[in-house]
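Participant: First the structure, which I've put down as structure tokens, then a few questions once you've had a look.
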2 protein chains.
Amino acid sequence: MSTIHEASGLPADVYSAKCPTRQLLDHVAGKWTVLIVDALADGTMRYTDLHRRIDGVSQKMLTQTLRQLETDGFVTRTVHPTIPPRVDYDLTELGHSLRTPIAALREWIETNINRVEQARRIAAS
Amino acid sequence: MSTIHEASGLPADVYSAKCPTRQLLDHVAGKWTVLIVDALADGTMRYTDLHRRIDGVSQKMLTQTLRQLETDGFVTRTVHPTIPPRVDYDLTELGHSLRTPIAALREWIETNINRVEQARRIAAS
DNA sequence: CGGCATCCGTATTGATACTG
DNA sequence: CAGTATCAATACGGATGCCG
């Protein structure tokens with residue numbers, strides 16, 4: 001039973017270049033998206049928390065990805081008008097539902113890294 | 001129970017920039033990787049089959065991604081020395097095990113595209 | 001603290017043409 | 001059929017400096 005993309009009336013199909021699901025795939029299947037959504041699994045995190053947790057992400061990419069996650073409806077951004085300022089990021093319900101496949105991907109990677117490295121050694125020989 | 005990365009003796013952790021899992025995340029969480037692995041779910045496909053199935057992929061990206069999937073041990077490439085040539089691509093057992101989280105991601109996208117577009121309309125207003 | 005604006009080198013990607 | 005080679009466009013991403 002396939003989903004119909006309401007705005008176009010056509011079936012949702014990532015294999016079609018023009019289907020909006022393709023762009024969503026690009027958003028969701030990104031390194032930083034995976035890490036941010038997964039990091040927010042346990043609850044609220046501040047900007048600096050995320051920056052520290054996700055080793056190697058630049059301010060620019062963190063902000064950019066958070067904004068995209070926000071417009072796609074995966075995270076909420078709450079500004080506390082205090083001094084110093086404080087900004088909380090949380091998963092929405094939609095974001096939480098995305099957590100499941102994303103966590104599965106992360107777990108697969110961490111579980112199978114040794115098998116992949118073994119395959120690479122064979123390929124290199 | 002976390003996996004130990006054998007080559008380094010350290011825990012496998014995608015949050016660490018230097019952990020090899022981070023690079024693997026980059027390979028696995030890519031648009032073309034997702035589409036190719038998912039396309040091979042039903043069995044053998046030839047180069048041209050994949051090119052037709054995955055709308056919008058260039059020859060270059062298709063070849064490049066297939067080579068990467070091959071060295072990572074996800075697909076096998078079988079050349080038949082016939083005229084005209086024929087090259088078959090298949091998932092390995094490792095590739096099959098990756099199918100599960102990848103198919104889950106694709107299905108999530110196709111199922112939730114309308115909710116995302118609704119969130120975007122709200123964000124734009 | 002949590003950004004944004006700008007610059008800038010590099011890696012990715014696409015289009016096109018050609019080949020065994 | 002299944003690529004490779006080449007060039008041009010561009011997006012990615014880091015570094016820096018400034019601001020409320």
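Residues are named by chain letter and number: chains run A, B, ... in the order of the structure tokens, numbers start at 1 in each chain, and ligands are numbered from 1 in the order shown.
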According to DSSP computed on the backbone, where in chain B is there helix (DSSP H, G or I)? Give the residues as a PyMOL selection string.

Facilitator: chain B and resi 20-28+31-42+47-53+59-71+93-124

Participant: Sorted by chain and rising residue number, list the residues of chain A at most 7 Å from chain C (counting only C-alpha atoms (C1' of nucleotides)), each with its closest atom pair and distance in Å to one decimal, as a tab-separated table.

Facilitator:
```
residue	atom	partner	partner_atom	distance
A:Tyr47	CA	C:DG2	C1'	7.0
A:Pro84	CA	C:DC1	C1'	5.4
A:Pro85	CA	C:DC1	C1'	5.3
A:Arg86	CA	C:DC1	C1'	6.5
```

Participant: Could you write out chain B as a compact mmCIF listing (two decimals) with N, CA, C and O atoms, in the first residue's frame once it has been least-squares superposed on chain A using every ordered C-alpha pair?

Facilitator:
```txt
# COMPACT_ATOMS: atom_id res chain seq x y z
N MET B 1 0.84 -1.24 -0.06
CA MET B 1 0.01 -0.03 -0.02
C MET B 1 0.90 1.20 -0.02
O MET B 1 1.54 1.52 0.96
N SER B 2 0.91 1.91 -1.16
CA SER B 2 1.83 3.04 -1.26
C SER B 2 1.15 4.36 -0.94
O SER B 2 -0.05 4.53 -1.14
N THR B 3 1.95 5.28 -0.46
CA THR B 3 1.47 6.61 -0.12
C THR B 3 1.27 7.45 -1.38
O THR B 3 2.06 7.36 -2.31
N ILE B 4 0.25 8.27 -1.39
CA ILE B 4 0.08 9.23 -2.47
C ILE B 4 0.58 10.59 -2.00
O ILE B 4 0.24 11.05 -0.91
N HIS B 5 1.44 11.17 -2.81
CA HIS B 5 1.90 12.53 -2.51
C HIS B 5 0.76 13.49 -2.81
O HIS B 5 0.37 13.70 -3.96
N GLU B 6 0.24 14.11 -1.74
CA GLU B 6 -1.01 14.86 -1.87
C GLU B 6 -0.92 16.05 -2.81
O GLU B 6 -1.84 16.31 -3.59
N ALA B 7 0.20 16.76 -2.75
CA ALA B 7 0.30 17.98 -3.56
C ALA B 7 0.28 17.70 -5.06
O ALA B 7 -0.15 18.53 -5.85
N SER B 8 0.76 16.53 -5.45
CA SER B 8 0.81 16.21 -6.89
C SER B 8 -0.21 15.15 -7.30
O SER B 8 -0.52 15.01 -8.48
N GLY B 9 -0.71 14.39 -6.33
CA GLY B 9 -1.62 13.30 -6.65
C GLY B 9 -0.93 12.06 -7.17
O GLY B 9 -1.57 11.06 -7.50
N LEU B 10 0.41 12.11 -7.24
CA LEU B 10 1.18 10.97 -7.74
C LEU B 10 1.67 10.11 -6.58
O LEU B 10 1.77 10.58 -5.46
N PRO B 11 2.01 8.85 -6.86
CA PRO B 11 2.55 7.99 -5.79
C PRO B 11 3.89 8.53 -5.30
O PRO B 11 4.69 9.02 -6.11
N ALA B 12 4.13 8.42 -4.00
CA ALA B 12 5.43 8.80 -3.44
C ALA B 12 6.46 7.76 -3.86
O ALA B 12 6.29 6.57 -3.60
N ASP B 13 7.53 8.20 -4.55
CA ASP B 13 8.49 7.26 -5.11
C ASP B 13 9.89 7.89 -5.19
O ASP B 13 10.14 8.73 -6.04
N VAL B 14 10.77 7.44 -4.29
CA VAL B 14 12.12 8.01 -4.25
C VAL B 14 12.92 7.75 -5.52
O VAL B 14 13.92 8.42 -5.78
N TYR B 15 12.51 6.78 -6.31
CA TYR B 15 13.25 6.47 -7.53
C TYR B 15 13.01 7.49 -8.63
O TYR B 15 13.75 7.57 -9.60
N SER B 16 11.95 8.25 -8.47
CA SER B 16 11.65 9.30 -9.43
C SER B 16 12.35 10.60 -9.03
O SER B 16 12.16 11.11 -7.94
N ALA B 17 13.17 11.11 -9.94
CA ALA B 17 13.98 12.30 -9.63
C ALA B 17 13.13 13.50 -9.26
O ALA B 17 13.54 14.34 -8.46
N LYS B 18 11.94 13.59 -9.86
CA LYS B 18 11.13 14.78 -9.63
C LYS B 18 10.22 14.66 -8.41
O LYS B 18 9.62 15.63 -7.98
N CYS B 19 10.11 13.47 -7.87
CA CYS B 19 9.26 13.29 -6.69
C CYS B 19 9.89 14.00 -5.49
O CYS B 19 11.09 13.89 -5.26
N PRO B 20 9.09 14.74 -4.74
CA PRO B 20 9.60 15.47 -3.57
C PRO B 20 10.26 14.56 -2.54
O PRO B 20 11.04 15.03 -1.72
N THR B 21 9.95 13.28 -2.59
CA THR B 21 10.61 12.36 -1.65
C THR B 21 12.12 12.30 -1.91
O THR B 21 12.89 12.03 -1.00
N ARG B 22 12.51 12.56 -3.15
CA ARG B 22 13.94 12.52 -3.47
C ARG B 22 14.70 13.59 -2.70
O ARG B 22 15.78 13.35 -2.17
N GLN B 23 14.14 14.79 -2.65
CA GLN B 23 14.78 15.86 -1.89
C GLN B 23 14.80 15.54 -0.40
O GLN B 23 15.76 15.80 0.30
N LEU B 24 13.71 14.95 0.06
CA LEU B 24 13.64 14.58 1.47
C LEU B 24 14.69 13.52 1.79
O LEU B 24 15.31 13.54 2.86
N LEU B 25 14.91 12.62 0.85
CA LEU B 25 15.97 11.62 1.03
C LEU B 25 17.31 12.30 1.21
O LEU B 25 18.11 11.92 2.06
N ASP B 26 17.54 13.35 0.41
CA ASP B 26 18.79 14.09 0.51
C ASP B 26 18.94 14.76 1.87
O ASP B 26 20.05 14.83 2.41
N HIS B 27 17.85 15.23 2.42
CA HIS B 27 17.92 15.86 3.74
C HIS B 27 18.17 14.84 4.83
O HIS B 27 19.00 15.02 5.71
N VAL B 28 17.39 13.76 4.77
CA VAL B 28 17.40 12.76 5.83
C VAL B 28 18.67 11.91 5.80
O VAL B 28 19.24 11.59 6.84
N ALA B 29 19.09 11.54 4.59
CA ALA B 29 20.28 10.70 4.46
C ALA B 29 21.52 11.58 4.38
O ALA B 29 22.24 11.58 3.39
N GLY B 30 21.74 12.36 5.40
CA GLY B 30 22.93 13.17 5.46
C GLY B 30 23.64 12.87 6.76
O GLY B 30 23.00 12.53 7.75
N LYS B 31 24.95 12.99 6.74
CA LYS B 31 25.77 12.69 7.91
C LYS B 31 25.29 13.47 9.13
O LYS B 31 25.03 12.89 10.19
N TRP B 32 25.16 14.79 8.98
CA TRP B 32 24.84 15.62 10.15
C TRP B 32 23.41 15.41 10.62
O TRP B 32 23.13 15.43 11.82
N THR B 33 22.51 15.21 9.68
CA THR B 33 21.12 14.92 10.06
C THR B 33 21.05 13.69 10.95
O THR B 33 20.43 13.69 12.01
N VAL B 34 21.71 12.62 10.50
CA VAL B 34 21.70 11.38 11.27
C VAL B 34 22.23 11.61 12.67
O VAL B 34 21.61 11.19 13.66
N LEU B 35 23.35 12.30 12.78
CA LEU B 35 23.97 12.50 14.08
C LEU B 35 23.15 13.41 14.99
O LEU B 35 23.02 13.15 16.19
N ILE B 36 22.57 14.45 14.42
CA ILE B 36 21.79 15.38 15.25
C ILE B 36 20.50 14.72 15.75
O ILE B 36 20.19 14.77 16.94
N VAL B 37 19.77 14.09 14.84
CA VAL B 37 18.52 13.44 15.26
C VAL B 37 18.81 12.37 16.31
O VAL B 37 18.11 12.26 17.31
N ASP B 38 19.86 11.61 16.08
CA ASP B 38 20.20 10.56 17.04
C ASP B 38 20.62 11.15 18.38
O ASP B 38 20.28 10.62 19.44
N ALA B 39 21.33 12.27 18.33
CA ALA B 39 21.80 12.90 19.57
C ALA B 39 20.63 13.43 20.39
O ALA B 39 20.68 13.47 21.62
N LEU B 40 19.57 13.86 19.70
CA LEU B 40 18.41 14.42 20.40
C LEU B 40 17.46 13.35 20.92
O LEU B 40 16.42 13.67 21.52
N ALA B 41 17.81 12.10 20.69
CA ALA B 41 16.94 10.99 21.08
C ALA B 41 16.62 11.02 22.57
O ALA B 41 15.49 10.74 22.98
N ASP B 42 17.61 11.38 23.37
CA ASP B 42 17.42 11.30 24.83
C ASP B 42 16.79 12.55 25.42
O ASP B 42 16.60 12.64 26.63
N GLY B 43 16.49 13.52 24.57
CA GLY B 43 15.82 14.71 25.09
C GLY B 43 16.52 16.00 24.68
O GLY B 43 17.43 16.01 23.86
N THR B 44 16.08 17.08 25.28
CA THR B 44 16.55 18.44 24.98
C THR B 44 18.07 18.56 24.99
O THR B 44 18.74 18.02 25.86
N MET B 45 18.56 19.29 23.99
CA MET B 45 19.97 19.66 24.01
C MET B 45 20.12 21.12 23.59
O MET B 45 19.41 21.59 22.71
N ARG B 46 21.07 21.78 24.21
CA ARG B 46 21.38 23.16 23.84
C ARG B 46 22.35 23.15 22.66
O ARG B 46 22.95 22.12 22.35
N TYR B 47 22.48 24.31 22.03
CA TYR B 47 23.36 24.42 20.87
C TYR B 47 24.77 23.91 21.19
O TYR B 47 25.33 23.09 20.47
N THR B 48 25.31 24.37 22.28
CA THR B 48 26.67 23.99 22.65
C THR B 48 26.77 22.51 23.02
O THR B 48 27.79 21.88 22.77
N ASP B 49 25.72 21.99 23.61
CA ASP B 49 25.69 20.55 23.91
C ASP B 49 25.89 19.75 22.62
O ASP B 49 26.69 18.82 22.56
N LEU B 50 25.12 20.14 21.60
CA LEU B 50 25.20 19.43 20.32
C LEU B 50 26.58 19.60 19.70
O LEU B 50 27.16 18.65 19.16
N HIS B 51 27.10 20.82 19.79
CA HIS B 51 28.41 21.10 19.20
C HIS B 51 29.50 20.24 19.85
O HIS B 51 30.40 19.76 19.17
N ARG B 52 29.39 20.05 21.13
CA ARG B 52 30.38 19.23 21.83
C ARG B 52 30.15 17.74 21.55
O ARG B 52 31.10 16.98 21.37
N ARG B 53 28.90 17.36 21.53
CA ARG B 53 28.58 15.94 21.37
C ARG B 53 29.01 15.43 20.00
O ARG B 53 29.53 14.33 19.86
N ILE B 54 28.73 16.25 18.97
CA ILE B 54 29.02 15.82 17.60
C ILE B 54 30.39 16.32 17.19
O ILE B 54 30.56 17.40 16.63
N ASP B 55 31.36 15.50 17.45
CA ASP B 55 32.76 15.82 17.20
C ASP B 55 32.97 16.10 15.71
O ASP B 55 32.55 15.33 14.86
N GLY B 56 33.59 17.23 15.42
CA GLY B 56 33.97 17.51 14.04
C GLY B 56 32.97 18.36 13.26
O GLY B 56 33.26 18.74 12.12
N VAL B 57 31.83 18.67 13.83
CA VAL B 57 30.87 19.50 13.10
C VAL B 57 31.25 20.97 13.29
O VAL B 57 31.62 21.40 14.38
N SER B 58 31.20 21.73 12.19
CA SER B 58 31.49 23.16 12.29
C SER B 58 30.23 23.89 12.74
O SER B 58 29.12 23.37 12.59
N GLN B 59 30.41 25.08 13.28
CA GLN B 59 29.25 25.89 13.69
C GLN B 59 28.31 26.06 12.51
O GLN B 59 27.09 25.96 12.65
N LYS B 60 28.90 26.32 11.36
CA LYS B 60 28.10 26.58 10.18
C LYS B 60 27.20 25.40 9.81
O LYS B 60 25.99 25.58 9.61
N MET B 61 27.78 24.23 9.75
CA MET B 61 27.00 23.06 9.36
C MET B 61 25.98 22.70 10.43
O MET B 61 24.87 22.24 10.11
N LEU B 62 26.35 22.89 11.69
CA LEU B 62 25.42 22.58 12.76
C LEU B 62 24.20 23.49 12.66
O LEU B 62 23.05 23.03 12.69
N THR B 63 24.44 24.79 12.53
CA THR B 63 23.34 25.73 12.42
C THR B 63 22.49 25.45 11.18
O THR B 63 21.26 25.39 11.24
N GLN B 64 23.17 25.27 10.06
CA GLN B 64 22.48 25.03 8.80
C GLN B 64 21.59 23.79 8.86
O GLN B 64 20.43 23.81 8.43
N THR B 65 22.15 22.71 9.39
CA THR B 65 21.38 21.47 9.47
C THR B 65 20.23 21.60 10.45
O THR B 65 19.12 21.11 10.19
N LEU B 66 20.47 22.28 11.57
CA LEU B 66 19.39 22.49 12.54
C LEU B 66 18.24 23.28 11.92
O LEU B 66 17.07 22.96 12.14
N ARG B 67 18.56 24.30 11.12
CA ARG B 67 17.52 25.11 10.48
C ARG B 67 16.70 24.25 9.51
O ARG B 67 15.49 24.38 9.41
N GLN B 68 17.39 23.38 8.80
CA GLN B 68 16.70 22.51 7.85
C GLN B 68 15.80 21.52 8.58
O GLN B 68 14.66 21.28 8.17
N LEU B 69 16.32 20.96 9.66
CA LEU B 69 15.53 20.03 10.47
C LEU B 69 14.31 20.74 11.03
O LEU B 69 13.24 20.14 11.20
N GLU B 70 14.48 22.03 11.30
CA GLU B 70 13.38 22.82 11.85
C GLU B 70 12.29 23.03 10.79
O GLU B 70 11.11 22.79 11.07
N THR B 71 12.67 23.43 9.58
CA THR B 71 11.65 23.67 8.55
C THR B 71 11.02 22.37 8.09
O THR B 71 9.86 22.36 7.69
N ASP B 72 11.75 21.27 8.16
CA ASP B 72 11.15 19.98 7.80
C ASP B 72 10.26 19.43 8.91
O ASP B 72 9.62 18.39 8.75
N GLY B 73 10.27 20.11 10.06
CA GLY B 73 9.37 19.72 11.13
C GLY B 73 9.89 18.61 12.03
O GLY B 73 9.11 17.95 12.73
N PHE B 74 11.23 18.44 12.06
CA PHE B 74 11.81 17.38 12.89
C PHE B 74 12.22 17.88 14.27
O PHE B 74 12.24 17.10 15.21
N VAL B 75 12.61 19.14 14.35
CA VAL B 75 13.02 19.68 15.65
C VAL B 75 12.35 21.02 15.92
O VAL B 75 11.95 21.73 14.99
N THR B 76 12.22 21.34 17.19
CA THR B 76 11.77 22.67 17.59
C THR B 76 12.96 23.41 18.18
O THR B 76 13.88 22.80 18.75
N ARG B 77 12.92 24.72 18.03
CA ARG B 77 13.98 25.58 18.53
C ARG B 77 13.35 26.58 19.50
O ARG B 77 12.48 27.35 19.12
N THR B 78 13.77 26.51 20.74
CA THR B 78 13.19 27.37 21.77
C THR B 78 14.23 28.32 22.32
O THR B 78 15.24 27.89 22.89
N VAL B 79 13.98 29.61 22.12
CA VAL B 79 14.92 30.63 22.59
C VAL B 79 14.49 31.15 23.95
O VAL B 79 13.35 31.59 24.11
N HIS B 80 15.39 31.11 24.91
CA HIS B 80 15.10 31.68 26.22
C HIS B 80 15.80 33.04 26.29
O HIS B 80 17.03 33.09 26.20
N PRO B 81 15.03 34.11 26.47
CA PRO B 81 15.61 35.46 26.44
C PRO B 81 16.32 35.79 27.74
O PRO B 81 15.94 36.72 28.44
N THR B 82 17.33 35.04 28.03
CA THR B 82 18.11 35.25 29.25
C THR B 82 19.50 35.76 28.86
O THR B 82 19.85 35.79 27.70
N ILE B 83 20.25 36.17 29.88
CA ILE B 83 21.64 36.54 29.63
C ILE B 83 22.52 35.70 30.52
O ILE B 83 22.40 35.77 31.73
N PRO B 84 23.36 34.85 29.93
CA PRO B 84 23.57 34.66 28.49
C PRO B 84 22.40 33.92 27.86
O PRO B 84 21.66 33.23 28.57
N PRO B 85 22.22 34.06 26.54
CA PRO B 85 21.10 33.40 25.86
C PRO B 85 21.17 31.89 25.97
O PRO B 85 22.24 31.32 26.19
N ARG B 86 20.01 31.28 25.83
CA ARG B 86 19.95 29.83 25.90
C ARG B 86 18.94 29.34 24.88
O ARG B 86 17.81 29.83 24.83
N VAL B 87 19.37 28.40 24.04
CA VAL B 87 18.50 27.88 22.99
C VAL B 87 18.41 26.37 23.12
O VAL B 87 19.42 25.68 23.11
N ASP B 88 17.17 25.90 23.26
CA ASP B 88 16.96 24.46 23.40
C ASP B 88 16.46 23.85 22.11
O ASP B 88 15.61 24.42 21.43
N TYR B 89 16.99 22.69 21.78
CA TYR B 89 16.52 21.93 20.63
C TYR B 89 15.88 20.63 21.10
O TYR B 89 16.43 19.94 21.96
N ASP B 90 14.72 20.34 20.53
CA ASP B 90 14.00 19.10 20.87
C ASP B 90 13.45 18.46 19.61
O ASP B 90 13.13 19.15 18.64
N LEU B 91 13.30 17.16 19.63
CA LEU B 91 12.61 16.47 18.55
C LEU B 91 11.12 16.72 18.66
O LEU B 91 10.56 16.73 19.75
N THR B 92 10.47 16.91 17.52
CA THR B 92 9.01 16.93 17.48
C THR B 92 8.53 15.48 17.46
O THR B 92 9.33 14.55 17.46
N GLU B 93 7.23 15.30 17.39
CA GLU B 93 6.73 13.92 17.30
C GLU B 93 7.19 13.31 15.97
O GLU B 93 7.58 12.14 15.92
N LEU B 94 7.15 14.12 14.91
CA LEU B 94 7.62 13.65 13.61
C LEU B 94 9.10 13.26 13.68
O LEU B 94 9.52 12.23 13.15
N GLY B 95 9.87 14.09 14.37
CA GLY B 95 11.29 13.82 14.55
C GLY B 95 11.51 12.53 15.32
O GLY B 95 12.43 11.76 15.01
N HIS B 96 10.68 12.30 16.31
CA HIS B 96 10.79 11.07 17.09
C HIS B 96 10.52 9.84 16.23
O HIS B 96 11.17 8.81 16.38
N SER B 97 9.58 9.97 15.33
CA SER B 97 9.26 8.81 14.48
C SER B 97 10.40 8.53 13.51
O SER B 97 10.62 7.40 13.09
N LEU B 98 11.16 9.58 13.16
CA LEU B 98 12.33 9.40 12.28
C LEU B 98 13.48 8.74 13.01
O LEU B 98 14.35 8.10 12.41
N ARG B 99 13.50 8.91 14.33
CA ARG B 99 14.55 8.34 15.17
C ARG B 99 14.73 6.84 14.95
O ARG B 99 15.84 6.34 14.93
N THR B 100 13.61 6.15 14.83
CA THR B 100 13.68 4.68 14.73
C THR B 100 14.55 4.23 13.56
O THR B 100 15.53 3.52 13.77
N PRO B 101 14.23 4.61 12.30
CA PRO B 101 15.10 4.18 11.21
C PRO B 101 16.52 4.74 11.31
O PRO B 101 17.48 4.07 10.91
N ILE B 102 16.66 5.95 11.85
CA ILE B 102 17.99 6.54 11.95
C ILE B 102 18.85 5.83 12.99
O ILE B 102 20.02 5.54 12.76
N ALA B 103 18.25 5.52 14.12
CA ALA B 103 19.00 4.78 15.14
C ALA B 103 19.38 3.40 14.61
O ALA B 103 20.48 2.90 14.88
N ALA B 104 18.50 2.80 13.83
CA ALA B 104 18.80 1.49 13.25
C ALA B 104 20.02 1.57 12.36
O ALA B 104 20.89 0.69 12.36
N LEU B 105 20.10 2.66 11.58
CA LEU B 105 21.25 2.85 10.69
C LEU B 105 22.54 3.03 11.50
O LEU B 105 23.56 2.40 11.21
N ARG B 106 22.49 3.88 12.52
CA ARG B 106 23.67 4.11 13.35
C ARG B 106 24.13 2.80 14.00
O ARG B 106 25.30 2.46 14.02
N GLU B 107 23.15 2.05 14.52
CA GLU B 107 23.51 0.80 15.18
C GLU B 107 24.10 -0.20 14.19
O GLU B 107 25.04 -0.92 14.52
N TRP B 108 23.54 -0.23 12.99
CA TRP B 108 24.09 -1.13 11.98
C TRP B 108 25.55 -0.80 11.71
O TRP B 108 26.41 -1.69 11.66
N ILE B 109 25.84 0.48 11.57
CA ILE B 109 27.20 0.93 11.28
C ILE B 109 28.16 0.53 12.41
O ILE B 109 29.23 -0.03 12.17
N GLU B 110 27.76 0.82 13.63
CA GLU B 110 28.65 0.53 14.75
C GLU B 110 28.84 -0.98 14.93
O GLU B 110 29.91 -1.43 15.36
N THR B 111 27.82 -1.72 14.59
CA THR B 111 27.91 -3.18 14.76
C THR B 111 28.76 -3.83 13.67
O THR B 111 29.48 -4.80 13.93
N ASN B 112 28.69 -3.27 12.45
CA ASN B 112 29.29 -3.95 11.32
C ASN B 112 30.59 -3.35 10.81
O ASN B 112 31.12 -3.79 9.78
N ILE B 113 31.12 -2.36 11.53
CA ILE B 113 32.34 -1.70 11.06
C ILE B 113 33.49 -2.69 10.82
O ILE B 113 34.22 -2.59 9.83
N ASN B 114 33.61 -3.68 11.68
CA ASN B 114 34.71 -4.63 11.51
C ASN B 114 34.54 -5.50 10.26
O ASN B 114 35.53 -5.81 9.58
N ARG B 115 33.32 -5.85 9.97
CA ARG B 115 33.08 -6.65 8.75
C ARG B 115 33.40 -5.82 7.51
O ARG B 115 33.94 -6.33 6.53
N VAL B 116 33.06 -4.54 7.54
CA VAL B 116 33.35 -3.67 6.40
C VAL B 116 34.86 -3.51 6.22
O VAL B 116 35.37 -3.60 5.11
N GLU B 117 35.56 -3.30 7.33
CA GLU B 117 37.01 -3.12 7.21
C GLU B 117 37.68 -4.39 6.71
O GLU B 117 38.66 -4.34 5.97
N GLN B 118 37.13 -5.52 7.09
CA GLN B 118 37.68 -6.78 6.59
C GLN B 118 37.45 -6.88 5.08
O GLN B 118 38.35 -7.27 4.33
N ALA B 119 36.24 -6.49 4.65
CA ALA B 119 35.94 -6.51 3.22
C ALA B 119 36.89 -5.58 2.46
O ALA B 119 37.36 -5.91 1.37
N ARG B 120 37.21 -4.45 3.05
CA ARG B 120 38.12 -3.50 2.39
C ARG B 120 39.52 -4.08 2.27
O ARG B 120 40.19 -3.87 1.26
N ARG B 121 39.95 -4.77 3.29
CA ARG B 121 41.29 -5.39 3.21
C ARG B 121 41.33 -6.43 2.10
O ARG B 121 42.32 -6.51 1.36
N ILE B 122 40.26 -7.18 1.95
CA ILE B 122 40.22 -8.17 0.87
C ILE B 122 40.20 -7.46 -0.48
O ILE B 122 40.92 -7.86 -1.40
N ALA B 123 39.42 -6.38 -0.58
CA ALA B 123 39.34 -5.64 -1.85
C ALA B 123 40.68 -5.03 -2.22
O ALA B 123 41.02 -4.92 -3.40
N ALA B 124 41.46 -4.64 -1.20
CA ALA B 124 42.74 -3.99 -1.47
C ALA B 124 43.82 -4.99 -1.85
O ALA B 124 44.86 -4.60 -2.42
N SER B 125 43.60 -6.24 -1.55
CA SER B 125 44.65 -7.24 -1.78
C SER B 125 44.63 -7.79 -3.20
O SER B 125 43.83 -7.41 -4.01
```

Participant: Pick out the chain D residues within 12 Å of chain B. Count only C-alpha atoms (C1' of nucleotides). Give them as a ChimeraX atom specification.

Facilitator: /D:1-5

Participant: Restricting the output to all heavy atoms, write the selected residues as a compact mmCIF listing (two decimals), in the first residue's frame.

Facilitator:
```txt
# COMPACT_ATOMS: atom_id res chain seq x y z
P DC D 1 22.14 -1.30 -24.48
OP1 DC D 1 21.18 -1.73 -23.49
OP2 DC D 1 22.50 0.11 -24.56
O5' DC D 1 23.47 -2.15 -24.28
C5' DC D 1 23.36 -3.49 -23.89
C4' DC D 1 24.62 -3.83 -23.12
O4' DC D 1 25.76 -3.42 -23.91
C3' DC D 1 24.74 -3.10 -21.78
O3' DC D 1 25.22 -4.05 -20.83
C2' DC D 1 25.77 -2.00 -22.03
C1' DC D 1 26.61 -2.57 -23.16
N1 DC D 1 27.11 -1.53 -24.10
C2 DC D 1 28.49 -1.40 -24.30
O2 DC D 1 29.27 -2.13 -23.69
N3 DC D 1 28.96 -0.48 -25.18
C4 DC D 1 28.10 0.29 -25.84
N4 DC D 1 28.60 1.18 -26.70
C5 DC D 1 26.68 0.17 -25.66
C6 DC D 1 26.23 -0.74 -24.78
P DA D 2 25.14 -3.74 -19.23
OP1 DA D 2 25.16 -5.03 -18.53
OP2 DA D 2 24.05 -2.78 -18.99
O5' DA D 2 26.53 -3.01 -18.96
C5' DA D 2 27.73 -3.76 -19.10
C4' DA D 2 28.90 -2.84 -18.99
O4' DA D 2 28.95 -1.98 -20.15
C3' DA D 2 28.86 -1.89 -17.77
O3' DA D 2 30.10 -1.91 -17.11
C2' DA D 2 28.56 -0.54 -18.40
C1' DA D 2 29.27 -0.68 -19.72
N9 DA D 2 28.88 0.28 -20.76
C8 DA D 2 27.64 0.81 -20.99
N7 DA D 2 27.61 1.69 -21.97
C5 DA D 2 28.93 1.73 -22.42
C6 DA D 2 29.57 2.47 -23.44
N6 DA D 2 28.93 3.34 -24.22
N1 DA D 2 30.90 2.28 -23.63
C2 DA D 2 31.53 1.40 -22.83
N3 DA D 2 31.03 0.64 -21.83
C4 DA D 2 29.72 0.86 -21.67
P DG D 3 30.20 -1.37 -15.58
OP1 DG D 3 31.55 -1.66 -15.06
OP2 DG D 3 29.03 -1.89 -14.89
O5' DG D 3 30.01 0.24 -15.68
C5' DG D 3 31.15 1.06 -15.50
C4' DG D 3 31.97 1.11 -16.76
O4' DG D 3 31.10 1.45 -17.86
C3' DG D 3 33.01 2.19 -16.75
O3' DG D 3 34.20 1.68 -16.19
C2' DG D 3 33.19 2.54 -18.23
C1' DG D 3 31.89 2.04 -18.88
N9 DG D 3 31.09 3.08 -19.50
C8 DG D 3 29.78 3.39 -19.23
N7 DG D 3 29.29 4.35 -19.99
C5 DG D 3 30.36 4.68 -20.81
C6 DG D 3 30.45 5.65 -21.85
O6 DG D 3 29.58 6.44 -22.25
N1 DG D 3 31.71 5.69 -22.44
C2 DG D 3 32.76 4.87 -22.07
N2 DG D 3 33.90 5.02 -22.73
N3 DG D 3 32.69 3.94 -21.11
C4 DG D 3 31.46 3.91 -20.53
P DT D 4 35.09 2.64 -15.33
OP1 DT D 4 36.08 1.80 -14.63
OP2 DT D 4 34.19 3.53 -14.58
O5' DT D 4 35.86 3.54 -16.40
C5' DT D 4 36.80 2.94 -17.29
C4' DT D 4 37.35 4.01 -18.22
O4' DT D 4 36.25 4.58 -18.98
C3' DT D 4 38.01 5.18 -17.48
O3' DT D 4 39.26 5.45 -18.11
C2' DT D 4 37.01 6.32 -17.63
C1' DT D 4 36.33 5.98 -18.94
N1 DT D 4 34.93 6.49 -19.06
C2 DT D 4 34.62 7.40 -20.04
O2 DT D 4 35.44 7.84 -20.83
N3 DT D 4 33.30 7.79 -20.07
C4 DT D 4 32.28 7.37 -19.24
O4 DT D 4 31.15 7.79 -19.38
C5 DT D 4 32.68 6.41 -18.23
C7 DT D 4 31.67 5.89 -17.29
C6 DT D 4 33.97 6.02 -18.19
P DA D 5 40.26 6.46 -17.42
OP1 DA D 5 41.63 5.96 -17.73
OP2 DA D 5 39.88 6.72 -16.02
O5' DA D 5 40.03 7.80 -18.25
C5' DA D 5 39.86 7.77 -19.67
C4' DA D 5 39.74 9.19 -20.19
O4' DA D 5 38.33 9.55 -20.29
C3' DA D 5 40.39 10.25 -19.30
O3' DA D 5 41.06 11.21 -20.12
C2' DA D 5 39.21 10.89 -18.56
C1' DA D 5 38.07 10.74 -19.57
N9 DA D 5 36.75 10.59 -18.97
C8 DA D 5 36.40 9.78 -17.92
N7 DA D 5 35.12 9.83 -17.62
C5 DA D 5 34.59 10.73 -18.52
C6 DA D 5 33.29 11.22 -18.72
N6 DA D 5 32.23 10.84 -17.99
N1 DA D 5 33.10 12.11 -19.71
C2 DA D 5 34.15 12.49 -20.46
N3 DA D 5 35.42 12.10 -20.36
C4 DA D 5 35.57 11.21 -19.36
```
